[in-house]
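A quick write-up on the structure given underneath.
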Amino acid sequence: GPMNPGQHPSPMLLDPSRGSKLLGPLSSFWASVRHLLLEGMFPRSCFFCGAGGPTAFPHICQECALTIPFISSAFCLQCGAGFYGIVELGRICGNCLERCPAFRHGRSLFNMQGKIRACIHALKYKGDFYLLHDFAQMACQVPGIIPFLADAVLVPVPMHKRKLRKRGFNQSERIAQALRKVVPGVKIQVLLTRIQDSPSQTSLSREARLKNVKR
């Protein structure tokens with residue numbers, strides 16, 4: 001299908017012993033070499049609008065970056081969800097008050113809406129790993145994110161082996177690896193295993209997602 005502006009194709013490796021079955025993206029080293037070569041041959045353009053010129057992040061122009069709903073000041077102290085308008089400090093959102101999550105403190109980089117949703121989907125479903133550089137730089141620029149993650153142990157959300165084999169990568173692990181490069185003292189530990197091959201949550205409602213996770 002057609003590629004998004006600024007997107008490079010993601011070559012896949014074929015396993016001769018399994019016919020034409022796709023194994024996944026090239027190794028990180030060769031993917032980096034390929035990316036540098038493509039950057040030299042084809043000038044970088046904005047992932048969202050395709051325009052060239054000054055960029056706020058490696059693949060996002062300054063104008064489009066202004067539309068990203070970053071969460072930098074008013075947010076829930078427990079889950080990190082952003083508040084709108086003027087709020088008092090020390091607020092807990094209604095969702096956390098109602099559901100009482102097991103964790104005490106979290107941070108969110110941005111609200112999952114608008115143009116940034118397409119960016120997330122390109123990474124998750126198409127393997128556009130070059131966007132990891134953008135997310136890492138976003139984490140560096142949003143106040144409080146780097147201190148919050150410093151010296152943390154990141155535990156990637158596991159995928160069932162069937163889905164991992166089909167997709168070829170775990171986007172949670174890739175994001176953790178990108179953050180480790182910019183956050184001091186971060187470690188990554190694979191501590192969880194997904195046993196239940198639960199249905200995809202993409203098209204489910206919020207209540208259905210919660211039930212799906214508990215299965």
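Numbering starts fresh at 1 for the residues of each chain in the structure tokens, the chains themselves are lettered A, B, ... in the order given, and ligands are numbered from 1 as they appear.
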- Can you list, as JSON, numbers by chain, every residue of stretch 50-85 of chain A that DSSP puts in strand (DSSP E)? {"A": [55, 56, 57, 60, 61]}
Output as a tab-separated table one row per residue of stretch 118-152 of chain A within 12 Å of stretch 44-60 of chain A: the closest atom pair and its distance in Å to one decimal place, counting only C-alpha atoms, sorted by chain and residue number ascending.
residue	atom	partner	partner_atom	distance
A:Ala118	CA	A:Phe48	CA	8.4
A:Cys119	CA	A:Phe47	CA	7.8
A:Ile120	CA	A:Phe47	CA	11.5
A:Ala122	CA	A:Phe47	CA	9.9
A:Leu123	CA	A:Phe47	CA	11.7
A:Asp128	CA	A:Phe47	CA	10.6
A:Phe129	CA	A:His59	CA	11.5
A:Tyr130	CA	A:His59	CA	8.3
A:Leu131	CA	A:His59	CA	7.1
A:Leu132	CA	A:Pro58	CA	9.6
A:His133	CA	A:Pro58	CA	6.8
A:Asp134	CA	A:Phe57	CA	5.4
A:Phe135	CA	A:Phe57	CA	8.5
A:Ala136	CA	A:Phe57	CA	9.4
A:Gln137	CA	A:Phe57	CA	6.7
A:Met138	CA	A:Phe57	CA	7.5
A:Ala139	CA	A:Phe57	CA	11.0
A:Cys140	CA	A:Phe57	CA	10.9
A:Gln141	CA	A:Phe57	CA	10.1
- Message: Just want the 7 Å neighbourhood of stretch 172-179 of chain A, counted on only C-alpha atoms, with same-chain residues fewer than 3 positions away dropped. Output as an NGL selection string.
- Response: :A and (132 or 136 or 154 or 156-157 or 182-183 or 188)
- Task: Please identify all polymer residues within 9 Å of A:Gln189, counting only C-alpha atoms, omitting same-chain residues fewer than 2 positions from it, and present them as a PyMOL selection string.
- Result: chain A and resi 153-156+187+191-192
- alpha helix (DSSP H) residues, from DSSP on the backbone, in stretch 94-140 of chain A, as a ChimeraX atom specification: /A:94-99,115-126,132-140
Convert the current residue selection to file output with C-alpha atoms, as a compact mmCIF listing (two decimals), in the first residue's frame.
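Written file, part.txt:
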# COMPACT_ATOMS: atom_id res chain seq x y z
CA GLY A 94 -12.12 10.37 38.32
CA ASN A 95 -11.01 7.16 36.64
CA CYS A 96 -8.34 6.49 39.28
CA LEU A 97 -10.74 7.37 42.11
CA GLU A 98 -13.26 4.90 40.71
CA ARG A 99 -10.99 2.03 39.70
CA LYS A 115 -2.19 13.14 14.46
CA ILE A 116 -0.09 11.38 17.08
CA ARG A 117 -2.40 8.35 16.92
CA ALA A 118 -1.27 7.70 13.33
CA CYS A 119 2.34 7.90 14.51
CA ILE A 120 1.71 5.26 17.19
CA HIS A 121 -0.09 2.96 14.74
CA ALA A 122 2.73 3.27 12.20
CA LEU A 123 5.20 2.06 14.80
CA LYS A 124 2.97 -0.64 16.24
CA TYR A 125 1.46 -2.17 13.13
CA LYS A 126 3.88 -1.27 10.33
CA LEU A 132 11.40 5.71 17.88
CA HIS A 133 13.91 8.56 17.59
CA ASP A 134 11.01 11.03 17.61
CA PHE A 135 9.42 9.49 20.71
CA ALA A 136 12.75 9.48 22.53
CA GLN A 137 13.27 13.17 21.82
CA MET A 138 9.70 13.93 22.89
CA ALA A 139 10.43 12.26 26.23
CA CYS A 140 13.48 14.50 26.61
- Message: Which residue is closest to A:Arg180? Choose from A:Tyr84, A:Pro199, A:Pro101, A:Ala152 and count only C-alpha atoms.
- Response: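 For A:Arg180, the nearest of the given residues is A:Ala152.
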- Item | Distance in Å - atom CA of A:Arg107 versus atom CA of A:Ile145 | 7.0 Å
- Item | Residue with smallest distance to A:Pro69 - pool A:Cys100, A:Cys93, A:Leu149, A:Val142, counting only C-alpha atoms | A:Val142
Extract, using only C-alpha atoms, all DNA, RNA and protein residues at most 10 Å from A:Lys161, discarding same-chain residues fewer than 3 positions from it, and format them as a tab-separated table (two decimals) with all heavy atoms, in the first residue's frame.
chain	number	residue	atom	x	y	z
A	158	PRO	N	4.23	-8.03	27.53
A	158	PRO	CA	4.51	-9.18	26.66
A	158	PRO	C	3.42	-9.40	25.61
A	158	PRO	O	2.28	-8.99	25.78
A	158	PRO	CB	4.56	-10.35	27.65
A	158	PRO	CG	3.62	-9.93	28.75
A	158	PRO	CD	3.78	-8.43	28.87
A	164	LEU	N	3.44	-12.47	18.37
A	164	LEU	CA	4.82	-12.02	18.19
A	164	LEU	C	5.41	-12.60	16.91
A	164	LEU	O	6.11	-11.91	16.16
A	164	LEU	CB	5.65	-12.44	19.39
A	164	LEU	CG	7.13	-12.02	19.38
A	164	LEU	CD1	7.26	-10.51	19.28
A	164	LEU	CD2	7.85	-12.54	20.61
A	165	ARG	N	5.11	-13.87	16.64
A	165	ARG	CA	5.60	-14.51	15.42
A	165	ARG	C	4.99	-13.85	14.18
A	165	ARG	O	5.65	-13.66	13.17
A	165	ARG	CB	5.26	-16.00	15.46
A	165	ARG	CG	5.84	-16.82	14.33
A	165	ARG	CD	5.79	-18.31	14.63
A	165	ARG	NE	4.44	-18.74	14.95
A	165	ARG	CZ	4.06	-19.19	16.13
A	165	ARG	NH1	4.93	-19.23	17.15
A	165	ARG	NH2	2.82	-19.60	16.35
A	166	LYS	N	3.73	-13.48	14.27
A	166	LYS	CA	3.04	-12.86	13.14
A	166	LYS	C	3.54	-11.45	12.88
A	166	LYS	O	3.79	-11.07	11.73
A	166	LYS	CB	1.53	-12.85	13.39
A	166	LYS	CG	0.72	-12.22	12.27
A	166	LYS	CD	-0.77	-12.25	12.59
A	166	LYS	CE	-1.58	-11.62	11.47
A	166	LYS	NZ	-3.04	-11.64	11.78
A	167	ARG	N	3.70	-10.66	13.95
A	167	ARG	CA	4.12	-9.26	13.79
A	167	ARG	C	5.62	-9.14	13.60
A	167	ARG	O	6.10	-8.25	12.89
A	167	ARG	CB	3.68	-8.44	15.01
A	167	ARG	CG	3.95	-6.96	14.88
A	167	ARG	CD	3.33	-6.19	16.03
A	167	ARG	NE	1.88	-6.26	16.01
A	167	ARG	CZ	1.09	-5.74	16.95
A	167	ARG	NH1	1.64	-5.11	17.98
A	167	ARG	NH2	-0.21	-5.86	16.87
A	168	GLY	N	6.38	-10.00	14.25
A	168	GLY	CA	7.83	-9.98	14.08
A	168	GLY	C	8.58	-9.17	15.11
A	168	GLY	O	9.80	-9.18	15.15
A	193	THR	N	5.21	-13.06	31.05
A	193	THR	CA	4.92	-13.92	29.91
A	193	THR	C	3.42	-13.94	29.68
A	193	THR	O	2.65	-14.09	30.62
A	193	THR	CB	5.40	-15.36	30.16
A	193	THR	OG1	6.82	-15.35	30.41
A	193	THR	CG2	5.11	-16.25	28.95
A	194	ARG	N	3.00	-13.74	28.44
A	194	ARG	CA	1.58	-13.80	28.11
A	194	ARG	C	1.22	-15.24	27.73
A	194	ARG	O	1.70	-15.76	26.71
A	194	ARG	CB	1.23	-12.85	26.98
A	194	ARG	CG	-0.28	-12.77	26.71
A	194	ARG	CD	-0.59	-11.79	25.60
A	194	ARG	NE	-0.27	-10.42	25.97
A	194	ARG	CZ	-1.11	-9.62	26.65
A	194	ARG	NH1	-2.29	-10.08	27.04
A	194	ARG	NH2	-0.74	-8.39	26.94
A	195	ILE	N	0.37	-15.85	28.52
A	195	ILE	CA	-0.03	-17.24	28.28
A	195	ILE	C	-1.31	-17.30	27.46
A	195	ILE	O	-1.45	-18.10	26.55
A	195	ILE	CB	-0.23	-17.98	29.63
A	195	ILE	CG1	1.10	-17.98	30.40
A	195	ILE	CG2	-0.71	-19.41	29.39
A	195	ILE	CD1	0.99	-18.57	31.78
A	196	GLN	N	-2.26	-16.42	27.80
A	196	GLN	CA	-3.55	-16.39	27.12
A	196	GLN	C	-3.46	-15.58	25.83
A	196	GLN	O	-3.01	-14.43	25.84
A	196	GLN	CB	-4.62	-15.76	28.03
A	196	GLN	CG	-6.01	-15.72	27.45
A	196	GLN	CD	-6.71	-17.06	27.53
A	196	GLN	OE1	-6.37	-17.88	28.38
A	196	GLN	NE2	-7.69	-17.29	26.67
A	197	ASP	N	-3.85	-16.18	24.72
A	197	ASP	CA	-3.86	-15.48	23.44
A	197	ASP	C	-5.19	-14.75	23.30
A	197	ASP	O	-6.10	-15.19	22.60
A	197	ASP	CB	-3.67	-16.47	22.30
A	197	ASP	CG	-3.49	-15.78	20.95
A	197	ASP	OD1	-3.33	-14.55	20.94
A	197	ASP	OD2	-3.50	-16.48	19.92
- Query: Please, what distance in Å, to one decimal, runs between atom CA of A:Cys79 and atom CA of A:Glu63?
  - Reply: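 Separation of atom CA of A:Cys79 and atom CA of A:Glu63: 28.8 Å.
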- Message: Between atom CA of A:Leu66 and atom CA of A:Ala81, what distance in Å does the model show, to one decimal?
- Response: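 One can read the atom CA of A:Leu66 to atom CA of A:Ala81 distance as 19.0 Å.
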